[in-house]
>>> print(open('protein_23.json').read())   # JSON, C-alpha atoms
[["chain", "number", "residue", "atom", "x", "y", "z"],
["A", 1, "MET", "CA", -12.19, -23.94, 32.57],
["A", 2, "ASN", "CA", -14.87, -25.57, 30.43],
["A", 3, "ASP", "CA", -18.01, -23.95, 29.05],
["A", 4, "PRO", "CA", -20.76, -24.39, 31.71],
["A", 5, "ASP", "CA", -23.26, -25.11, 28.94],
["A", 6, "GLY", "CA", -20.97, -27.34, 26.87],
["A", 7, "PHE", "CA", -20.77, -31.08, 26.43],
["A", 8, "LEU", "CA", -17.80, -31.39, 28.76],
["A", 9, "ALA", "CA", -19.75, -29.84, 31.63],
["A", 10, "ARG", "CA", -22.34, -32.62, 31.32],
["A", 11, "ILE", "CA", -19.63, -35.26, 31.54],
["A", 12, "LEU", "CA", -18.00, -33.66, 34.57],
["A", 13, "GLY", "CA", -21.33, -33.40, 36.37],
["A", 14, "LYS", "CA", -21.80, -37.14, 35.91],
["A", 15, "LYS", "CA", -18.21, -37.82, 37.06],
["A", 16, "ARG", "CA", -18.83, -35.99, 40.32],
["A", 17, "GLU", "CA", -21.91, -38.16, 40.90],
["A", 18, "GLU", "CA", -19.83, -41.33, 40.37],
["A", 19, "LEU", "CA", -17.01, -40.58, 42.79],
["A", 20, "ALA", "CA", -18.67, -41.92, 45.96],
["A", 21, "SER", "CA", -19.33, -45.35, 44.45],
["A", 22, "LEU", "CA", -15.84, -45.49, 42.95],
["A", 23, "ARG", "CA", -14.27, -44.69, 46.32],
["A", 24, "ALA", "CA", -16.30, -47.50, 47.89],
["A", 25, "ARG", "CA", -15.24, -50.06, 45.27],
["A", 26, "LYS", "CA", -12.80, -52.79, 46.27],
["A", 27, "LEU", "CA", -10.02, -52.56, 43.73],
["A", 28, "PRO", "CA", -7.69, -55.34, 42.59],
["A", 29, "ALA", "CA", -4.02, -55.18, 43.48],
["A", 30, "PRO", "CA", -2.17, -53.15, 40.83],
["A", 31, "PRO", "CA", 0.02, -55.19, 38.47],
["A", 32, "ALA", "CA", 3.70, -54.40, 38.18],
["A", 33, "SER", "CA", 4.27, -51.05, 36.51],
["A", 34, "ARG", "CA", 6.13, -50.73, 33.19],
["A", 35, "SER", "CA", 8.04, -47.88, 31.68],
["A", 36, "PHE", "CA", 7.33, -46.77, 28.12],
["A", 37, "SER", "CA", 8.15, -43.99, 25.70],
["A", 38, "LEU", "CA", 6.10, -42.44, 22.90],
["A", 39, "HIS", "CA", 9.08, -40.63, 21.42],
["A", 40, "ARG", "CA", 9.57, -41.33, 17.74],
["A", 41, "LYS", "CA", 11.60, -44.49, 17.16],
["A", 42, "GLN", "CA", 13.85, -44.54, 14.08],
["A", 43, "GLY", "CA", 11.86, -41.60, 12.79],
["A", 44, "ALA", "CA", 8.50, -43.39, 12.90],
["A", 45, "LEU", "CA", 5.41, -41.76, 14.37],
["A", 46, "GLN", "CA", 4.12, -43.85, 17.29],
["A", 47, "LEU", "CA", 0.46, -44.92, 17.03],
["A", 48, "ILE", "CA", -2.09, -45.34, 19.81],
["A", 49, "GLY", "CA", -5.13, -47.47, 18.96],
["A", 50, "GLU", "CA", -8.24, -46.68, 20.96],
["A", 51, "ILE", "CA", -10.98, -48.94, 22.29],
["A", 52, "LYS", "CA", -14.36, -47.29, 22.83],
["A", 53, "PHE", "CA", -17.81, -48.61, 22.03],
["A", 54, "ARG", "CA", -19.65, -45.32, 21.71],
["A", 55, "SER", "CA", -18.74, -41.75, 20.91],
["A", 56, "PRO", "CA", -20.81, -38.60, 21.53],
["A", 57, "SER", "CA", -19.80, -37.35, 18.08],
["A", 58, "ALA", "CA", -20.22, -40.65, 16.17],
["A", 59, "GLY", "CA", -22.77, -42.62, 18.19],
["A", 60, "PRO", "CA", -22.53, -46.42, 18.66],
["A", 61, "LEU", "CA", -19.37, -48.04, 17.30],
["A", 62, "SER", "CA", -18.48, -51.65, 16.52],
["A", 63, "THR", "CA", -18.99, -54.30, 19.19],
["A", 64, "ALA", "CA", -18.04, -57.16, 16.86],
["A", 65, "LEU", "CA", -14.87, -57.75, 18.89],
["A", 66, "SER", "CA", -14.55, -57.92, 22.65],
["A", 67, "VAL", "CA", -12.08, -55.64, 24.41],
["A", 68, "SER", "CA", -9.49, -58.41, 24.63],
["A", 69, "GLU", "CA", -9.97, -59.42, 20.97],
["A", 70, "ARG", "CA", -9.66, -55.83, 19.77],
["A", 71, "ALA", "CA", -6.62, -55.16, 21.94],
["A", 72, "ALA", "CA", -4.92, -58.26, 20.54],
["A", 73, "ALA", "CA", -5.79, -57.16, 16.98],
["A", 74, "TYR", "CA", -4.23, -53.75, 17.59],
["A", 75, "GLN", "CA", -1.10, -55.39, 18.98],
["A", 76, "ARG", "CA", -0.80, -57.71, 15.97],
["A", 77, "ALA", "CA", -1.21, -54.76, 13.60],
["A", 78, "GLY", "CA", 1.70, -52.89, 15.18],
["A", 79, "ALA", "CA", 0.17, -50.35, 17.56],
["A", 80, "ASN", "CA", 2.60, -48.87, 20.08],
["A", 81, "MET", "CA", 0.02, -48.24, 22.80],
["A", 82, "ILE", "CA", -3.68, -48.91, 23.45],
["A", 83, "SER", "CA", -6.07, -46.33, 24.83],
["A", 84, "VAL", "CA", -9.11, -47.68, 26.70],
["A", 85, "LEU", "CA", -12.17, -45.53, 27.39],
["A", 86, "CYS", "CA", -13.27, -46.06, 30.97],
["A", 87, "ASP", "CA", -16.29, -43.75, 31.04],
["A", 88, "ALA", "CA", -19.56, -45.69, 31.13],
["A", 89, "SER", "CA", -22.23, -43.02, 30.68],
["A", 90, "PHE", "CA", -21.04, -41.43, 27.44],
["A", 91, "PHE", "CA", -18.63, -43.99, 25.92],
["A", 92, "ASP", "CA", -19.92, -47.40, 27.13],
["A", 93, "GLY", "CA", -16.56, -48.04, 28.79],
["A", 94, "SER", "CA", -15.40, -49.24, 32.21],
["A", 95, "PHE", "CA", -12.28, -49.76, 34.28],
["A", 96, "GLU", "CA", -12.91, -53.47, 33.82],
["A", 97, "HIS", "CA", -12.30, -52.96, 30.09],
["A", 98, "LEU", "CA", -8.87, -51.67, 31.02],
["A", 99, "GLY", "CA", -8.24, -54.87, 32.97],
["A", 100, "GLU", "CA", -9.39, -57.01, 30.04],
["A", 101, "ALA", "CA", -6.96, -55.25, 27.73],
["A", 102, "ARG", "CA", -4.17, -55.64, 30.29],
["A", 103, "ALA", "CA", -4.74, -59.39, 30.43],
["A", 104, "ALA", "CA", -4.73, -59.67, 26.62],
["A", 105, "VAL", "CA", -1.66, -57.69, 25.54],
["A", 106, "GLY", "CA", 1.79, -56.59, 26.59],
["A", 107, "LEU", "CA", 1.51, -53.08, 25.12],
["A", 108, "PRO", "CA", 1.40, -50.03, 27.38],
["A", 109, "LEU", "CA", -2.15, -48.92, 28.20],
["A", 110, "LEU", "CA", -3.62, -45.44, 28.49],
["A", 111, "CYS", "CA", -6.59, -45.00, 30.83],
["A", 112, "LYS", "CA", -8.87, -42.57, 28.94],
["A", 113, "GLU", "CA", -11.13, -41.05, 31.55],
["A", 114, "PHE", "CA", -12.32, -37.64, 32.70],
["A", 115, "VAL", "CA", -10.17, -37.55, 35.81],
["A", 116, "ILE", "CA", -11.06, -35.10, 38.55],
["A", 117, "ASP", "CA", -10.16, -37.09, 41.68],
["A", 118, "GLU", "CA", -7.37, -39.31, 42.99],
["A", 119, "CYS", "CA", -9.72, -42.29, 43.36],
["A", 120, "GLN", "CA", -9.83, -42.44, 39.56],
["A", 121, "LEU", "CA", -6.04, -42.65, 39.52],
["A", 122, "ASP", "CA", -6.26, -45.52, 42.02],
["A", 123, "ALA", "CA", -8.66, -47.36, 39.73],
["A", 124, "ALA", "CA", -6.51, -46.73, 36.65],
["A", 125, "ALA", "CA", -3.47, -48.19, 38.40],
["A", 126, "ALA", "CA", -5.42, -51.12, 39.84],
["A", 127, "TYR", "CA", -6.72, -52.20, 36.45],
["A", 128, "GLY", "CA", -3.34, -52.05, 34.75],
["A", 129, "ALA", "CA", -2.88, -48.63, 33.16],
["A", 130, "ASP", "CA", 0.59, -47.31, 32.44],
["A", 131, "ALA", "CA", -0.60, -43.81, 31.60],
["A", 132, "VAL", "CA", -3.65, -41.73, 32.43],
["A", 133, "LEU", "CA", -5.33, -38.86, 30.62],
["A", 134, "LEU", "CA", -5.60, -35.52, 32.41],
["A", 135, "ILE", "CA", -7.61, -32.86, 30.56],
["A", 136, "VAL", "CA", -6.52, -29.30, 31.31],
["A", 137, "ARG", "CA", -9.99, -27.92, 30.56],
["A", 138, "CYS", "CA", -11.50, -30.12, 33.28],
["A", 139, "LEU", "CA", -9.21, -28.93, 36.07],
["A", 140, "SER", "CA", -8.08, -25.88, 37.98],
["A", 141, "ALA", "CA", -4.36, -25.18, 38.01],
["A", 142, "ALA", "CA", -4.12, -26.56, 41.56],
["A", 143, "ARG", "CA", -6.00, -29.76, 40.71],
["A", 144, "LEU", "CA", -4.00, -30.29, 37.53],
["A", 145, "LEU", "CA", -0.76, -30.04, 39.50],
["A", 146, "ALA", "CA", -2.04, -32.34, 42.26],
["A", 147, "LEU", "CA", -3.30, -34.98, 39.83],
["A", 148, "THR", "CA", -0.12, -34.83, 37.75],
["A", 149, "ARG", "CA", 1.90, -35.52, 40.88],
["A", 150, "GLY", "CA", -0.62, -38.10, 42.10],
["A", 151, "ALA", "CA", -0.44, -40.01, 38.84],
["A", 152, "ARG", "CA", 3.34, -40.26, 39.03],
["A", 153, "GLU", "CA", 3.16, -41.39, 42.65],
["A", 154, "ARG", "CA", 1.07, -44.32, 41.36],
["A", 155, "ALA", "CA", 3.56, -45.09, 38.55],
["A", 156, "LEU", "CA", 1.17, -43.65, 35.96],
["A", 157, "GLU", "CA", 2.51, -41.27, 33.33],
["A", 158, "PRO", "CA", 0.10, -38.34, 32.86],
["A", 159, "LEU", "CA", -0.84, -37.59, 29.26],
["A", 160, "VAL", "CA", -2.04, -34.00, 29.61],
["A", 161, "GLU", "CA", -4.59, -32.98, 26.98],
["A", 162, "VAL", "CA", -4.83, -29.43, 25.66],
["A", 163, "VAL", "CA", -6.72, -27.62, 22.93],
["A", 164, "THR", "CA", -5.27, -24.11, 22.95],
["A", 165, "ASP", "CA", -1.94, -22.35, 23.50],
["A", 166, "GLU", "CA", -3.15, -21.12, 26.88],
["A", 167, "GLU", "CA", -3.93, -24.69, 27.92],
["A", 168, "SER", "CA", -0.49, -25.79, 26.69],
["A", 169, "ALA", "CA", 1.10, -23.21, 28.99],
["A", 170, "ARG", "CA", -0.94, -24.55, 31.92],
["A", 171, "ALA", "CA", 0.12, -28.12, 31.13],
["A", 172, "LEU", "CA", 3.79, -27.16, 31.06],
["A", 173, "ASP", "CA", 3.42, -25.18, 34.30],
["A", 174, "ALA", "CA", 2.08, -28.37, 35.93],
["A", 175, "GLY", "CA", 5.19, -30.28, 34.85],
["A", 176, "ALA", "CA", 3.70, -32.23, 31.95],
["A", 177, "THR", "CA", 6.25, -34.00, 29.78],
["A", 178, "LEU", "CA", 3.69, -35.92, 27.67],
["A", 179, "VAL", "CA", 1.21, -33.52, 26.05],
["A", 180, "GLY", "CA", -1.67, -34.37, 23.72],
["A", 181, "VAL", "CA", -3.26, -31.74, 21.51],
["A", 182, "ASN", "CA", -6.88, -32.57, 20.70],
["A", 183, "ALA", "CA", -8.14, -31.63, 17.26],
["A", 184, "ARG", "CA", -11.68, -31.87, 18.69],
["A", 185, "ASP", "CA", -12.93, -29.20, 21.08],
["A", 186, "LEU", "CA", -14.68, -31.15, 23.83],
["A", 187, "ASP", "CA", -17.09, -28.32, 24.61],
["A", 188, "THR", "CA", -18.42, -27.94, 21.07],
["A", 189, "LEU", "CA", -17.23, -31.26, 19.53],
["A", 190, "HIS", "CA", -15.95, -29.15, 16.60],
["A", 191, "MET", "CA", -12.93, -30.63, 14.76],
["A", 192, "ASP", "CA", -10.06, -28.34, 13.72],
["A", 193, "THR", "CA", -6.94, -30.23, 12.66],
["A", 194, "SER", "CA", -5.11, -27.09, 11.49],
["A", 195, "ARG", "CA", -5.49, -25.52, 14.92],
["A", 196, "ALA", "CA", -4.27, -28.71, 16.58],
["A", 197, "GLU", "CA", -1.23, -28.91, 14.32],
["A", 198, "ARG", "CA", -0.33, -25.28, 15.06],
["A", 199, "VAL", "CA", -0.67, -25.72, 18.84],
["A", 200, "LEU", "CA", 1.36, -28.92, 18.72],
["A", 201, "SER", "CA", 4.13, -27.30, 16.66],
["A", 202, "GLU", "CA", 4.55, -24.61, 19.31],
["A", 203, "LEU", "CA", 5.22, -27.09, 22.13],
["A", 204, "PRO", "CA", 8.89, -27.33, 23.17],
["A", 205, "GLU", "CA", 10.98, -30.17, 21.74],
["A", 206, "SER", "CA", 11.63, -31.41, 25.29],
["A", 207, "VAL", "CA", 7.99, -32.54, 25.48],
["A", 208, "THR", "CA", 6.64, -35.73, 23.90],
["A", 209, "ARG", "CA", 3.88, -34.46, 21.61],
["A", 210, "VAL", "CA", 0.76, -36.46, 20.76],
["A", 211, "HIS", "CA", -1.84, -35.58, 18.11],
["A", 212, "LEU", "CA", -5.33, -36.54, 19.30],
["A", 213, "SER", "CA", -8.41, -37.08, 17.08],
["A", 214, "GLY", "CA", -9.09, -36.41, 13.43],
["A", 215, "ILE", "CA", -7.12, -39.32, 11.92],
["A", 216, "SER", "CA", -9.01, -41.80, 9.77],
["A", 217, "ARG", "CA", -6.78, -42.66, 6.78],
["A", 218, "ALA", "CA", -3.18, -43.49, 6.02],
["A", 219, "GLU", "CA", -2.90, -40.06, 4.36],
["A", 220, "ASP", "CA", -3.81, -38.44, 7.68],
["A", 221, "VAL", "CA", -1.06, -40.42, 9.39],
["A", 222, "ARG", "CA", 1.48, -39.29, 6.79],
["A", 223, "ARG", "CA", 0.42, -35.67, 7.32],
["A", 224, "VAL", "CA", 0.87, -35.92, 11.09],
["A", 225, "ALA", "CA", 4.14, -37.83, 10.64],
["A", 226, "ALA", "CA", 5.48, -34.84, 8.69],
["A", 227, "SER", "CA", 4.75, -32.60, 11.70],
["A", 228, "PRO", "CA", 6.73, -32.39, 14.97],
["A", 229, "ALA", "CA", 4.35, -34.91, 16.61],
["A", 230, "ASP", "CA", 5.90, -37.96, 18.24],
["A", 231, "ALA", "CA", 2.68, -39.97, 18.38],
["A", 232, "ALA", "CA", -0.94, -39.94, 17.24],
["A", 233, "LEU", "CA", -4.12, -41.47, 18.62],
["A", 234, "ILE", "CA", -6.56, -43.22, 16.28],
["A", 235, "GLY", "CA", -10.05, -43.87, 17.63],
["A", 236, "GLU", "CA", -13.29, -43.84, 15.66],
["A", 237, "ALA", "CA", -11.72, -44.95, 12.36],
["A", 238, "LEU", "CA", -10.62, -48.21, 13.98],
["A", 239, "MET", "CA", -13.74, -48.62, 16.10],
["A", 240, "ARG", "CA", -15.98, -48.52, 13.03],
["A", 241, "GLU", "CA", -14.19, -51.65, 11.78],
["A", 242, "ALA", "CA", -15.33, -55.12, 12.80],
["A", 243, "ALA", "CA", -11.87, -56.30, 11.66],
["A", 244, "PRO", "CA", -9.50, -53.36, 12.23],
["A", 245, "GLU", "CA", -6.12, -54.98, 11.52],
["A", 246, "ALA", "CA", -5.85, -54.14, 7.83],
["A", 247, "ARG", "CA", -6.66, -50.46, 8.34],
["A", 248, "LEU", "CA", -4.29, -50.15, 11.28],
["A", 249, "ARG", "CA", -1.49, -51.96, 9.42],
["A", 250, "SER", "CA", -1.79, -49.44, 6.59],
["A", 251, "MET", "CA", -1.53, -46.63, 9.12],
["A", 252, "VAL", "CA", 1.48, -48.20, 10.81],
["A", 253, "GLU", "CA", 3.18, -48.43, 7.43],
["A", 254, "ALA", "CA", 2.32, -44.79, 6.71],
["A", 255, "ALA", "CA", 3.79, -43.79, 10.08],
["A", 256, "ARG", "CA", 7.15, -45.22, 8.97],
["A", 257, "CYS", "CA", 7.20, -43.40, 5.62],
["A", 258, "VAL", "CA", 8.83, -40.19, 6.75]]
>>> encode(input="protein_23.json", output="C-alpha cells")
Amino acid sequence: MNDPDGFLARILGKKREELASLRARKLPAPPASRSFSLHRKQGALQLIGEIKFRSPSAGPLSTALSVSERAAAYQRAGANMISVLCDASFFDGSFEHLGEARAAVGLPLLCKEFVIDECQLDAAAAYGADAVLLIVRCLSAARLLALTRGARERALEPLVEVVTDEESARALDAGATLVGVNARDLDTLHMDTSRAERVLSELPESVTRVHLSGISRAEDVRRVAASPADAALIGEALMREAAPEARLRSMVEAARCV
C-alpha cells in the first residue's frame, strides 16, 4: 500500500471525502461502449495524449485550449487514445471533462482518476470512458480484484498501473491484461525511467504494456519504441503547449520509426 505520509495518501484522503457527493450525483446515460486495442499496430508504438490542467509535479499547465479543442488537436495529430484527468482537487479535472472529450472525438478515452470505489466506475462509464485507471498502490488485493471485475462489468477496460515488480505481480494476480508502468513514483514524485523500463520488460508478452510518464521529446518516444512497450502516455510535454499538434505529430512519427 502507499506511504501514509506520501503525496498519494493526501489524494486518497480527499477521494474518500468525495465519494458521498459522487454517489448522490445524477449521472447521464452511458454512451454505447467501444472496443479498442493498444497493441502495437504494424510495429508502431501506440500513443496516448493526456489532458490535465494542473500537475502536482509541474504546477499549472496550459489552458489555452478547451478540453474539446485539445482532444480534437490530439486526434488530428495522430494520437491513438486520449487520457482525461478527472480529479478536481489536485489536477483541475472533472468527469465533465471526460464528457467534453467524448463529444469532440471518436478516439478511445481513458478515465484517469484515483479509483477506490465502484461509484467512480459508474461515473467513468456515464461520461464516455472506454478504459479506466486502477492504481495498484491505492488498493488492497481484494479491492483491486473487485474493481477490475467491476470495470469490465461496465464495459470499461482496466489499465492497471504499477511501479514495482511486486505491484506487477499483484496486477497480474487480479487478472490485468493492460498494465501501465509509471516512471514516476506517486508517493515521492521521483522520476526513474530506467526502473520503469526494467519493470515493463519483465511483464509477460501476453499483457499489453504501457509506459507512463517521463516522455517529452521524440527521442524519448524512439527509446520507448525500442523497448517491449506497446503504448506510451504523454502528458505534461503536450499540456505545456498552447498548440500541441506539431509536437505530438513529431512523436507519432518517432513511434513509427522502429
>>> closest_atom_pairs(input="protein_23.json", of="stretch 137-203 of chain A", to="stretch 95-111 of chain A", cutoff="12 Å", atoms="all atoms listed in the file", output="CSV")
residue,atom,partner,partner_atom,distance
A:Ala151,CA,A:Cys111,CA,11.3
A:Leu156,CA,A:Leu110,CA,9.1
A:Glu157,CA,A:Leu110,CA,8.9
A:Pro158,CA,A:Leu110,CA,9.1
A:Leu159,CA,A:Leu110,CA,8.4
A:Val160,CA,A:Leu110,CA,11.6
>>> write_last_selection(input="protein_23.json", atoms="C-alpha atoms", output="PDB file, in the frame of the given file")
ATOM      1  CA  ALA A 151      -0.440 -40.010  38.840  1.00  0.00           C
ATOM      2  CA  LEU A 156       1.170 -43.650  35.960  1.00  0.00           C
ATOM      3  CA  GLU A 157       2.510 -41.270  33.330  1.00  0.00           C
ATOM      4  CA  PRO A 158       0.100 -38.340  32.860  1.00  0.00           C
ATOM      5  CA  LEU A 159      -0.840 -37.590  29.260  1.00  0.00           C
ATOM      6  CA  VAL A 160      -2.040 -34.000  29.610  1.00  0.00           C
TER       7      VAL A 160
END
>>> closest_residue(input="protein_23.json", among="A:Leu212, A:Ala32, A:Ile234, A:Val179", to="A:Lys52", atoms="only C-alpha atoms")
A:Ile234
>>> closest_residue(input="protein_23.json", among="A:Leu47, A:Ser55, A:Ser89, A:Glu197", to="A:Ala226", atoms="all atoms listed in the file")
A:Glu197
>>> closest_residue(input="protein_23.json", among="A:Arg170, A:Arg54, A:Arg34, A:Arg143", to="A:Gly128", atoms="only C-alpha atoms")
A:Arg34
>>> residues_near_point(input="protein_23.json", point="(-0.3, -39.9, 2.4)", cutoff="12 Å", atoms="all atoms listed in the file", output="list in words")
Ile215, Ser216, Arg217, Ala218, Glu219, Asp220, Val221, Arg222, Arg223, Val224, Ala225, Ala226, Ser250, Met251, Val252, Glu253, Ala254, Ala255, Arg256, Cys257 and Val258 of chain A
>>> closest_residue(input="protein_23.json", among="A:Ala29, A:Ile51, A:Ala131, A:Val163", to="A:Leu189", atoms="only C-alpha atoms")
A:Val163
>>> residues_around(input="protein_23.json", residues="A:Met239", least_positions_apart="5", cutoff="12 Å", atoms="all atoms listed in the file", output="PyMOL selection string")
chain A and resi 49-55+58-67+70-71+73-74+83-85+91+216+234+244-245+247-248
>>> axis_aligned_box(input="protein_23.json", around="stretch 3-18 of chain A", padding_each_side="5 Å", output="lines of an AutoDock Vina configuration file")
center_x = -20.5
center_y = -32.6
center_z = 33.7
size_x = 15.5
size_y = 27.4
size_z = 24.5
>>> closest_residue(input="protein_23.json", among="A:Leu8, A:Leu121, A:Gln46, A:Arg16", to="A:Gly78", atoms="only C-alpha atoms")
A:Gln46
>>> closest_residue(input="protein_23.json", among="A:Leu203, A:Val162, A:Ala231, A:Cys138", to="A:Phe7", atoms="all atoms listed in the file")
A:Cys138
>>> atom_distance(input="protein_23.json", atom1="atom CA of A:Asp230", atom2="atom CA of A:Val210")
5.9 Å
>>> atom_distance(input="protein_23.json", atom1="atom CA of A:His211", atom2="atom CA of A:Ala183")
7.5 Å
>>> atom_distance(input="protein_23.json", atom1="atom CA of A:Ala79", atom2="atom CA of A:Ala246")
12.1 Å
>>> residues_near_point(input="protein_23.json", point="(-1.0, -24.7, 27.1)", cutoff="10 Å", atoms="only C-alpha atoms", output="list in words")
Val136, Val160, Glu161, Val162, Val163, Thr164, Asp165, Glu166, Glu167, Ser168, Ala169, Arg170, Ala171, Leu172, Asp173, Val179, Val181, Val199, Leu200, Glu202 and Leu203 of chain A
>>> residues_around(input="protein_23.json", residues="A:His39", least_positions_apart="2", cutoff="7 Å", atoms="all atoms listed in the file", output="CSV table (one decimal) with C-alpha atoms, in the frame of the given file")
chain,number,residue,atom,x,y,z
A,37,SER,CA,8.2,-44.0,25.7
A,41,LYS,CA,11.6,-44.5,17.2
A,208,THR,CA,6.6,-35.7,23.9
A,230,ASP,CA,5.9,-38.0,18.2
>>> residues_around(input="protein_23.json", residues="A:Pro28", least_positions_apart="3", cutoff="9 Å", atoms="all atoms listed in the file", output="PyMOL selection string")
chain A and resi 31+123+126-127
>>> decode(input="protein_23.json", residues="stretch 80-95 of chain A", atoms="N, CA and C atoms", output="tab-separated table (two decimals), in the first residue's frame")
chain	number	residue	atom	x	y	z
A	80	ASN	N	-3.56	7.74	-30.53
A	80	ASN	CA	-4.36	6.51	-30.57
A	80	ASN	C	-5.41	6.45	-29.47
A	81	MET	N	-5.21	7.22	-28.41
A	81	MET	CA	-6.13	7.26	-27.28
A	81	MET	C	-5.92	8.60	-26.58
A	82	ILE	N	-6.95	9.04	-25.84
A	82	ILE	CA	-6.83	10.26	-25.04
A	82	ILE	C	-7.13	9.93	-23.59
A	83	SER	N	-6.24	10.37	-22.72
A	83	SER	CA	-6.41	10.22	-21.28
A	83	SER	C	-6.92	11.55	-20.72
A	84	VAL	N	-7.95	11.49	-19.89
A	84	VAL	CA	-8.54	12.70	-19.32
A	84	VAL	C	-8.48	12.61	-17.80
A	85	LEU	N	-7.79	13.56	-17.18
A	85	LEU	CA	-7.75	13.63	-15.72
A	85	LEU	C	-9.09	14.07	-15.19
A	86	CYS	N	-9.63	13.31	-14.25
A	86	CYS	CA	-10.95	13.62	-13.70
A	86	CYS	C	-10.88	14.10	-12.26
A	87	ASP	N	-9.70	14.14	-11.68
A	87	ASP	CA	-9.55	14.63	-10.31
A	87	ASP	C	-9.57	16.16	-10.30
A	88	ALA	N	-10.40	16.73	-9.44
A	88	ALA	CA	-10.52	18.19	-9.38
A	88	ALA	C	-9.51	18.82	-8.44
A	89	SER	N	-9.28	18.23	-7.29
A	89	SER	CA	-8.52	18.89	-6.23
A	89	SER	C	-7.04	19.07	-6.55
A	90	PHE	N	-6.45	18.11	-7.24
A	90	PHE	CA	-5.01	18.14	-7.49
A	90	PHE	C	-4.65	18.36	-8.95
A	91	PHE	N	-5.62	18.13	-9.87
A	91	PHE	CA	-5.31	18.21	-11.31
A	91	PHE	C	-6.25	19.12	-12.07
A	92	ASP	N	-7.18	19.79	-11.39
A	92	ASP	CA	-8.14	20.70	-12.04
A	92	ASP	C	-8.97	19.99	-13.11
A	93	GLY	N	-9.28	18.71	-12.87
A	93	GLY	CA	-10.06	17.94	-13.82
A	93	GLY	C	-11.49	17.72	-13.34
A	94	SER	N	-12.25	16.95	-14.11
A	94	SER	CA	-13.62	16.61	-13.74
A	94	SER	C	-14.12	15.50	-14.65
A	95	PHE	N	-15.17	14.82	-14.22
A	95	PHE	CA	-15.80	13.84	-15.10
A	95	PHE	C	-16.45	14.55	-16.29
